[in-house]
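Engineer: Take this structure, written in structure tokens, and hold onto it; I'll ask about it next.
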Amino acid sequence: GIMTVKIPSKFDIRRLCKSTNATTLVRLGAPAAEEAGYAKSVRVTEIGDTKVVLFDVGDEGSRVSTIVVRGATHNMMDDVERAIDDAVNVFKTLCRSSALVPGAGATEIELAHQLREFGI
């Protein structure tokens, strides 16, 4: 069957279409077979106090995942969201180019570890 979901965010619409292999339609009418997406199951559940619609595509190779961030304050959640965003962007950059070196003292820590192993 066909299901309609109201999503006010263009970003979220694009994510949903990407994860279900659907095409965003700007016209009214039935979608063609190649434009319709697929989800193994769709269910409404509650996370905390918020009702959410979960789309299970059932594909292990899916390129879209959702991380649910919960915290005591909005500031804490914003900090966690920024940290996750930074980590995802670092991973994407490293997948594209291996010309980067680790930061935050990671090179020095590894060098100290190697020297300690060499000295033993």
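We label chains A, B, ... in the order they appear in the structure tokens, count residues from 1 in each chain, and number ligands from 1 in the order shown.
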Set the distance at 12 Å and use only C-alpha atoms: which residues neighbour stretch 88-91 of chain A once local chain neighbours fewer than 2 positions away are removed? I'd like the list as a compact mmCIF listing (two decimals) with all heavy atoms, in the first residue's frame.
Structural biologist:
# COMPACT_ATOMS: atom_id res chain seq x y z
N SER A 65 21.26 6.22 8.86
CA SER A 65 21.00 5.76 10.22
C SER A 65 20.55 6.95 11.06
O SER A 65 20.86 8.09 10.74
CB SER A 65 22.24 5.15 10.85
OG SER A 65 22.62 3.99 10.18
N ILE A 67 20.50 8.51 14.99
CA ILE A 67 21.00 8.45 16.36
C ILE A 67 20.07 9.30 17.21
O ILE A 67 19.86 10.47 16.94
CB ILE A 67 22.45 8.99 16.44
CG1 ILE A 67 23.37 8.16 15.56
CG2 ILE A 67 22.92 9.01 17.88
CD1 ILE A 67 24.77 8.71 15.45
N GLU A 81 25.18 16.56 20.11
CA GLU A 81 24.88 16.58 18.67
C GLU A 81 26.07 17.12 17.88
O GLU A 81 26.41 16.59 16.82
CB GLU A 81 23.64 17.44 18.42
CG GLU A 81 23.18 17.41 16.98
CD GLU A 81 21.91 18.20 16.75
OE1 GLU A 81 21.26 18.61 17.74
OE2 GLU A 81 21.57 18.41 15.57
N ARG A 82 26.72 18.17 18.38
CA ARG A 82 27.91 18.71 17.70
C ARG A 82 29.04 17.70 17.68
O ARG A 82 29.74 17.55 16.67
CB ARG A 82 28.38 20.00 18.38
CG ARG A 82 27.67 21.25 17.89
CD ARG A 82 28.37 22.51 18.37
NE ARG A 82 28.31 22.65 19.82
CZ ARG A 82 27.30 23.18 20.48
NH1 ARG A 82 26.24 23.63 19.82
NH2 ARG A 82 27.32 23.28 21.79
N ALA A 83 29.24 16.98 18.79
CA ALA A 83 30.29 15.97 18.85
C ALA A 83 30.03 14.85 17.85
O ALA A 83 30.96 14.39 17.16
CB ALA A 83 30.41 15.41 20.26
N ILE A 84 28.78 14.40 17.75
CA ILE A 84 28.44 13.36 16.79
C ILE A 84 28.64 13.86 15.37
O ILE A 84 29.19 13.15 14.51
CB ILE A 84 26.99 12.87 17.01
CG1 ILE A 84 26.89 12.12 18.33
CG2 ILE A 84 26.51 12.00 15.86
CD1 ILE A 84 25.46 11.81 18.76
N ASP A 85 28.21 15.08 15.10
CA ASP A 85 28.37 15.68 13.78
C ASP A 85 29.85 15.78 13.41
O ASP A 85 30.25 15.45 12.29
CB ASP A 85 27.71 17.05 13.73
CG ASP A 85 27.66 17.63 12.33
OD1 ASP A 85 27.24 16.89 11.41
OD2 ASP A 85 28.05 18.80 12.16
N ASP A 86 30.69 16.21 14.35
CA ASP A 86 32.13 16.29 14.10
C ASP A 86 32.71 14.91 13.80
O ASP A 86 33.50 14.75 12.86
CB ASP A 86 32.86 16.89 15.31
CG ASP A 86 32.57 18.37 15.49
OD1 ASP A 86 32.04 18.99 14.54
OD2 ASP A 86 32.86 18.90 16.58
N THR A 93 35.55 12.39 5.90
CA THR A 93 36.78 12.95 5.33
C THR A 93 37.86 11.88 5.22
O THR A 93 38.57 11.80 4.20
CB THR A 93 37.28 14.12 6.18
OG1 THR A 93 36.26 15.11 6.25
CG2 THR A 93 38.52 14.74 5.59
N LEU A 94 38.02 11.06 6.24
CA LEU A 94 39.03 10.00 6.21
C LEU A 94 38.73 8.95 5.15
O LEU A 94 39.64 8.36 4.58
CB LEU A 94 39.16 9.34 7.58
CG LEU A 94 39.89 10.16 8.62
CD1 LEU A 94 39.81 9.47 9.98
CD2 LEU A 94 41.33 10.39 8.23
N CYS A 95 37.45 8.70 4.88
CA CYS A 95 37.09 7.74 3.83
C CYS A 95 37.43 8.27 2.45
O CYS A 95 37.74 7.51 1.54
CB CYS A 95 35.60 7.41 3.90
SG CYS A 95 35.19 6.36 5.29
N ARG A 96 37.39 9.58 2.29
CA ARG A 96 37.69 10.19 0.99
C ARG A 96 39.18 10.34 0.76
O ARG A 96 39.66 10.23 -0.36
CB ARG A 96 37.02 11.56 0.88
CG ARG A 96 35.52 11.47 0.78
CD ARG A 96 34.90 12.82 0.55
NE ARG A 96 33.46 12.71 0.59
CZ ARG A 96 32.68 13.48 1.31
NH1 ARG A 96 33.19 14.45 2.05
NH2 ARG A 96 31.37 13.31 1.30
N SER A 97 39.95 10.64 1.82
CA SER A 97 41.38 10.88 1.68
C SER A 97 42.09 10.39 2.93
O SER A 97 41.69 10.70 4.05
CB SER A 97 41.64 12.38 1.50
OG SER A 97 43.02 12.64 1.59
N SER A 98 43.17 9.65 2.73
CA SER A 98 43.95 9.17 3.88
C SER A 98 45.14 10.08 4.16
O SER A 98 46.08 9.69 4.84
CB SER A 98 44.43 7.74 3.61
OG SER A 98 45.25 7.74 2.46
N LEU A 100 45.25 12.65 5.99
CA LEU A 100 45.15 13.33 7.28
C LEU A 100 45.90 12.55 8.35
O LEU A 100 46.01 11.33 8.29
CB LEU A 100 43.69 13.48 7.68
CG LEU A 100 42.83 14.34 6.77
CD1 LEU A 100 41.40 14.32 7.24
CD2 LEU A 100 43.34 15.76 6.73
N VAL A 101 46.40 13.27 9.35
CA VAL A 101 47.05 12.63 10.49
C VAL A 101 46.17 12.90 11.72
O VAL A 101 45.47 13.89 11.79
CB VAL A 101 48.47 13.17 10.72
CG1 VAL A 101 49.37 12.79 9.57
CG2 VAL A 101 48.48 14.66 10.94
N PRO A 102 46.24 12.01 12.71
CA PRO A 102 45.42 12.21 13.91
C PRO A 102 45.89 13.42 14.70
O PRO A 102 47.06 13.77 14.67
CB PRO A 102 45.61 10.91 14.69
CG PRO A 102 46.83 10.27 14.14
CD PRO A 102 47.00 10.77 12.74
N GLY A 103 44.96 14.04 15.40
CA GLY A 103 45.28 15.21 16.19
C GLY A 103 45.08 14.95 17.67
O GLY A 103 44.96 13.80 18.10
Engineer: Would you pick out the contacts of A:Asp56 at 7 Å or less, using only C-alpha atoms, so that residues sharing its chain but fewer than 4 positions from it are not included, and give the list as number ranges by chain?
Structural biologist: A: 39-42
Engineer: Using the selection just defined, write its residues with C-alpha atoms as a short mmCIF file (atom, residue, chain, number, x, y, z; two decimals), in the first residue's frame.
Structural biologist:
data_model
loop_
_atom_site.label_atom_id
_atom_site.label_comp_id
_atom_site.auth_asym_id
_atom_site.auth_seq_id
_atom_site.Cartn_x
_atom_site.Cartn_y
_atom_site.Cartn_z
CA ALA A 39 10.10 -0.06 3.81
CA LYS A 40 9.84 -3.48 5.42
CA SER A 41 7.80 -2.05 8.28
CA VAL A 42 6.53 1.34 9.44
#
Engineer: Please indicate the distance in Å from atom CA of A:Phe55 to atom CA of A:Ser19, rounded to one decimal place.
Structural biologist: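 Taking atom CA of A:Phe55 and atom CA of A:Ser19, their separation equals 8.9 Å.
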Engineer: Mind listing the strand (DSSP E or B) residues of chain A, per DSSP on the backbone, as a list in words?
Structural biologist: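 Output for chain A, strand (DSSP E or B) only: Ser41, Val42, Arg43, Val44, Thr45, Glu46, Ile47, Thr50, Lys51, Val52, Val53, Leu54, Phe55 and Asp56 of chain A.
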Engineer: Rounded to one decimal in Å, what is the spacing between atom CA of A:Val69 and atom CA of A:Val44?
Structural biologist: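 One can read the atom CA of A:Val69 to atom CA of A:Val44 distance as 18.1 Å.
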Engineer: Residues at most 8 Å from A:Glu35, counting only C-alpha atoms, excluding those fewer than 3 positions away in the same chain, as a ChimeraX atom specification?
Structural biologist: /A:22-24,31-32
Engineer: Applying 10 Å and only C-alpha atoms, which residues near A:Ile2 remain after dropping the ones on its own chain fewer than 6 positions away? List them as a compact mmCIF listing (two decimals) with all heavy atoms, in the first residue's frame.
Structural biologist:
# COMPACT_ATOMS: atom_id res chain seq x y z
N ALA A 30 -0.65 9.70 -8.34
CA ALA A 30 -0.02 8.44 -7.94
C ALA A 30 1.41 8.37 -8.47
O ALA A 30 1.67 8.75 -9.61
CB ALA A 30 -0.84 7.28 -8.46
N PRO A 31 2.34 7.89 -7.66
CA PRO A 31 3.71 7.75 -8.15
C PRO A 31 3.84 6.55 -9.08
O PRO A 31 3.09 5.58 -8.98
CB PRO A 31 4.51 7.52 -6.87
CG PRO A 31 3.55 6.91 -5.92
CD PRO A 31 2.21 7.51 -6.26
N ALA A 36 8.24 5.06 -6.29
CA ALA A 36 7.80 4.66 -4.95
C ALA A 36 8.96 4.01 -4.20
O ALA A 36 9.76 3.27 -4.77
CB ALA A 36 6.64 3.69 -5.04
N GLY A 37 9.05 4.31 -2.93
CA GLY A 37 10.08 3.70 -2.09
C GLY A 37 9.56 2.43 -1.44
O GLY A 37 8.42 2.00 -1.67
N TYR A 38 10.42 1.83 -0.60
CA TYR A 38 10.03 0.59 0.06
C TYR A 38 10.54 0.61 1.50
O TYR A 38 11.67 1.02 1.77
CB TYR A 38 10.61 -0.63 -0.66
CG TYR A 38 10.38 -1.91 0.08
CD1 TYR A 38 9.15 -2.54 0.05
CD2 TYR A 38 11.39 -2.47 0.86
CE1 TYR A 38 8.92 -3.71 0.76
CE2 TYR A 38 11.16 -3.64 1.56
CZ TYR A 38 9.94 -4.25 1.51
OH TYR A 38 9.71 -5.41 2.21
Engineer: Output as a PyMOL selection string all residues of chain A that backbone DSSP marks as alpha helix (DSSP H).
Structural biologist: chain A and resi 10-20+74-96+106-119
Engineer: Can you write out the residues you just picked, keeping N, CA and C atoms, as a compact mmCIF listing (two decimals), in the first residue's frame?
Structural biologist:
# COMPACT_ATOMS: atom_id res chain seq x y z
N LYS A 10 12.53 19.91 4.62
CA LYS A 10 13.04 19.38 3.34
C LYS A 10 14.20 18.42 3.58
N PHE A 11 15.03 18.72 4.58
CA PHE A 11 16.16 17.85 4.91
C PHE A 11 15.66 16.47 5.30
N ASP A 12 14.64 16.41 6.17
CA ASP A 12 14.10 15.12 6.60
C ASP A 12 13.42 14.38 5.46
N ILE A 13 12.77 15.11 4.56
CA ILE A 13 12.14 14.48 3.39
C ILE A 13 13.21 13.83 2.52
N ARG A 14 14.31 14.53 2.29
CA ARG A 14 15.40 13.97 1.47
C ARG A 14 16.00 12.73 2.14
N ARG A 15 16.17 12.78 3.47
CA ARG A 15 16.71 11.62 4.18
C ARG A 15 15.79 10.42 4.06
N LEU A 16 14.49 10.65 4.23
CA LEU A 16 13.54 9.55 4.13
C LEU A 16 13.53 8.96 2.72
N CYS A 17 13.54 9.82 1.71
CA CYS A 17 13.57 9.34 0.32
C CYS A 17 14.85 8.56 0.04
N LYS A 18 15.97 9.03 0.56
CA LYS A 18 17.24 8.34 0.34
C LYS A 18 17.25 6.97 1.00
N SER A 19 16.69 6.89 2.21
CA SER A 19 16.72 5.62 2.93
C SER A 19 15.73 4.61 2.36
N THR A 20 14.63 5.05 1.78
CA THR A 20 13.63 4.12 1.23
C THR A 20 13.73 3.98 -0.29
N HIS A 74 18.89 21.15 27.08
CA HIS A 74 19.09 21.38 25.65
C HIS A 74 20.55 21.66 25.34
N ASN A 75 21.25 22.35 26.23
CA ASN A 75 22.68 22.62 26.01
C ASN A 75 23.48 21.33 25.94
N MET A 76 23.18 20.38 26.81
CA MET A 76 23.88 19.10 26.79
C MET A 76 23.61 18.36 25.48
N MET A 77 22.35 18.36 25.06
CA MET A 77 22.01 17.68 23.81
C MET A 77 22.67 18.36 22.62
N ASP A 78 22.75 19.70 22.63
CA ASP A 78 23.44 20.42 21.55
C ASP A 78 24.90 20.05 21.50
N ASP A 79 25.56 19.93 22.66
CA ASP A 79 26.97 19.55 22.70
C ASP A 79 27.18 18.14 22.16
N VAL A 80 26.31 17.22 22.56
CA VAL A 80 26.41 15.84 22.07
C VAL A 80 26.16 15.79 20.57
N GLU A 81 25.18 16.56 20.11
CA GLU A 81 24.88 16.58 18.67
C GLU A 81 26.07 17.12 17.88
N ARG A 82 26.72 18.17 18.38
CA ARG A 82 27.91 18.71 17.70
C ARG A 82 29.04 17.70 17.68
N ALA A 83 29.24 16.98 18.79
CA ALA A 83 30.29 15.97 18.85
C ALA A 83 30.03 14.85 17.85
N ILE A 84 28.78 14.40 17.75
CA ILE A 84 28.44 13.36 16.79
C ILE A 84 28.64 13.86 15.37
N ASP A 85 28.21 15.08 15.10
CA ASP A 85 28.37 15.68 13.78
C ASP A 85 29.85 15.78 13.41
N ASP A 86 30.69 16.21 14.35
CA ASP A 86 32.13 16.29 14.10
C ASP A 86 32.71 14.91 13.80
N ALA A 87 32.30 13.90 14.58
CA ALA A 87 32.82 12.55 14.37
C ALA A 87 32.40 11.99 13.01
N VAL A 88 31.16 12.22 12.62
CA VAL A 88 30.69 11.72 11.32
C VAL A 88 31.45 12.42 10.19
N ASN A 89 31.66 13.72 10.31
CA ASN A 89 32.39 14.45 9.27
C ASN A 89 33.84 14.03 9.19
N VAL A 90 34.49 13.74 10.32
CA VAL A 90 35.86 13.24 10.31
C VAL A 90 35.91 11.89 9.60
N PHE A 91 34.96 11.01 9.91
CA PHE A 91 34.92 9.71 9.26
C PHE A 91 34.74 9.84 7.75
N LYS A 92 33.82 10.73 7.33
CA LYS A 92 33.59 10.94 5.90
C LYS A 92 34.86 11.46 5.23
N THR A 93 35.55 12.39 5.90
CA THR A 93 36.78 12.95 5.33
C THR A 93 37.86 11.88 5.22
N LEU A 94 38.02 11.06 6.24
CA LEU A 94 39.03 10.00 6.21
C LEU A 94 38.73 8.95 5.15
N CYS A 95 37.45 8.70 4.88
CA CYS A 95 37.09 7.74 3.83
C CYS A 95 37.43 8.27 2.45
N ARG A 96 37.39 9.58 2.29
CA ARG A 96 37.69 10.19 0.99
C ARG A 96 39.18 10.34 0.76
N ALA A 106 47.35 12.42 19.58
CA ALA A 106 47.30 10.99 19.29
C ALA A 106 48.62 10.49 18.70
N THR A 107 49.27 11.30 17.88
CA THR A 107 50.56 10.91 17.29
C THR A 107 51.61 10.77 18.37
N GLU A 108 51.64 11.73 19.31
CA GLU A 108 52.62 11.69 20.39
C GLU A 108 52.37 10.50 21.32
N ILE A 109 51.11 10.20 21.58
CA ILE A 109 50.79 9.06 22.45
C ILE A 109 51.24 7.76 21.79
N GLU A 110 50.98 7.61 20.51
CA GLU A 110 51.39 6.39 19.79
C GLU A 110 52.91 6.29 19.74
N LEU A 111 53.60 7.42 19.53
CA LEU A 111 55.06 7.42 19.50
C LEU A 111 55.61 6.99 20.87
N ALA A 112 55.04 7.51 21.97
CA ALA A 112 55.48 7.12 23.31
C ALA A 112 55.23 5.63 23.53
N HIS A 113 54.09 5.13 23.07
CA HIS A 113 53.79 3.71 23.20
C HIS A 113 54.80 2.86 22.44
N GLN A 114 55.11 3.25 21.22
CA GLN A 114 56.09 2.50 20.41
C GLN A 114 57.48 2.54 21.04
N LEU A 115 57.90 3.70 21.58
CA LEU A 115 59.20 3.80 22.25
C LEU A 115 59.24 2.92 23.50
N ARG A 116 58.14 2.90 24.24
CA ARG A 116 58.08 2.06 25.44
C ARG A 116 58.21 0.58 25.05
N GLU A 117 57.52 0.16 23.99
CA GLU A 117 57.61 -1.23 23.53
C GLU A 117 59.03 -1.54 23.04
N PHE A 118 59.65 -0.59 22.38
CA PHE A 118 61.01 -0.80 21.85
C PHE A 118 62.01 -0.92 23.01
N GLY A 119 61.77 -0.17 24.08
CA GLY A 119 62.69 -0.17 25.22
C GLY A 119 62.58 -1.39 26.08
Engineer: May I ask for the distance between atom CA of A:Val5 and atom CA of A:Gly71, given in Å to one decimal place?
Structural biologist: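 For atom CA of A:Val5 relative to atom CA of A:Gly71, the distance reads 27.3 Å.
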Engineer: Using only C-alpha atoms for the distances, tell me which of A:Lys6, A:Ile120, A:Arg70, A:Glu34 is nearest to A:Asp49.
Structural biologist: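 The closest residue to A:Asp49 is A:Arg70.
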Engineer: Taking into account only C-alpha atoms, which residue in the set A:Val57, A:Thr73, A:Thr50, A:Thr66 is nearest to A:Asn21?
Structural biologist: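 The answer is A:Val57, which sits nearest to A:Asn21.
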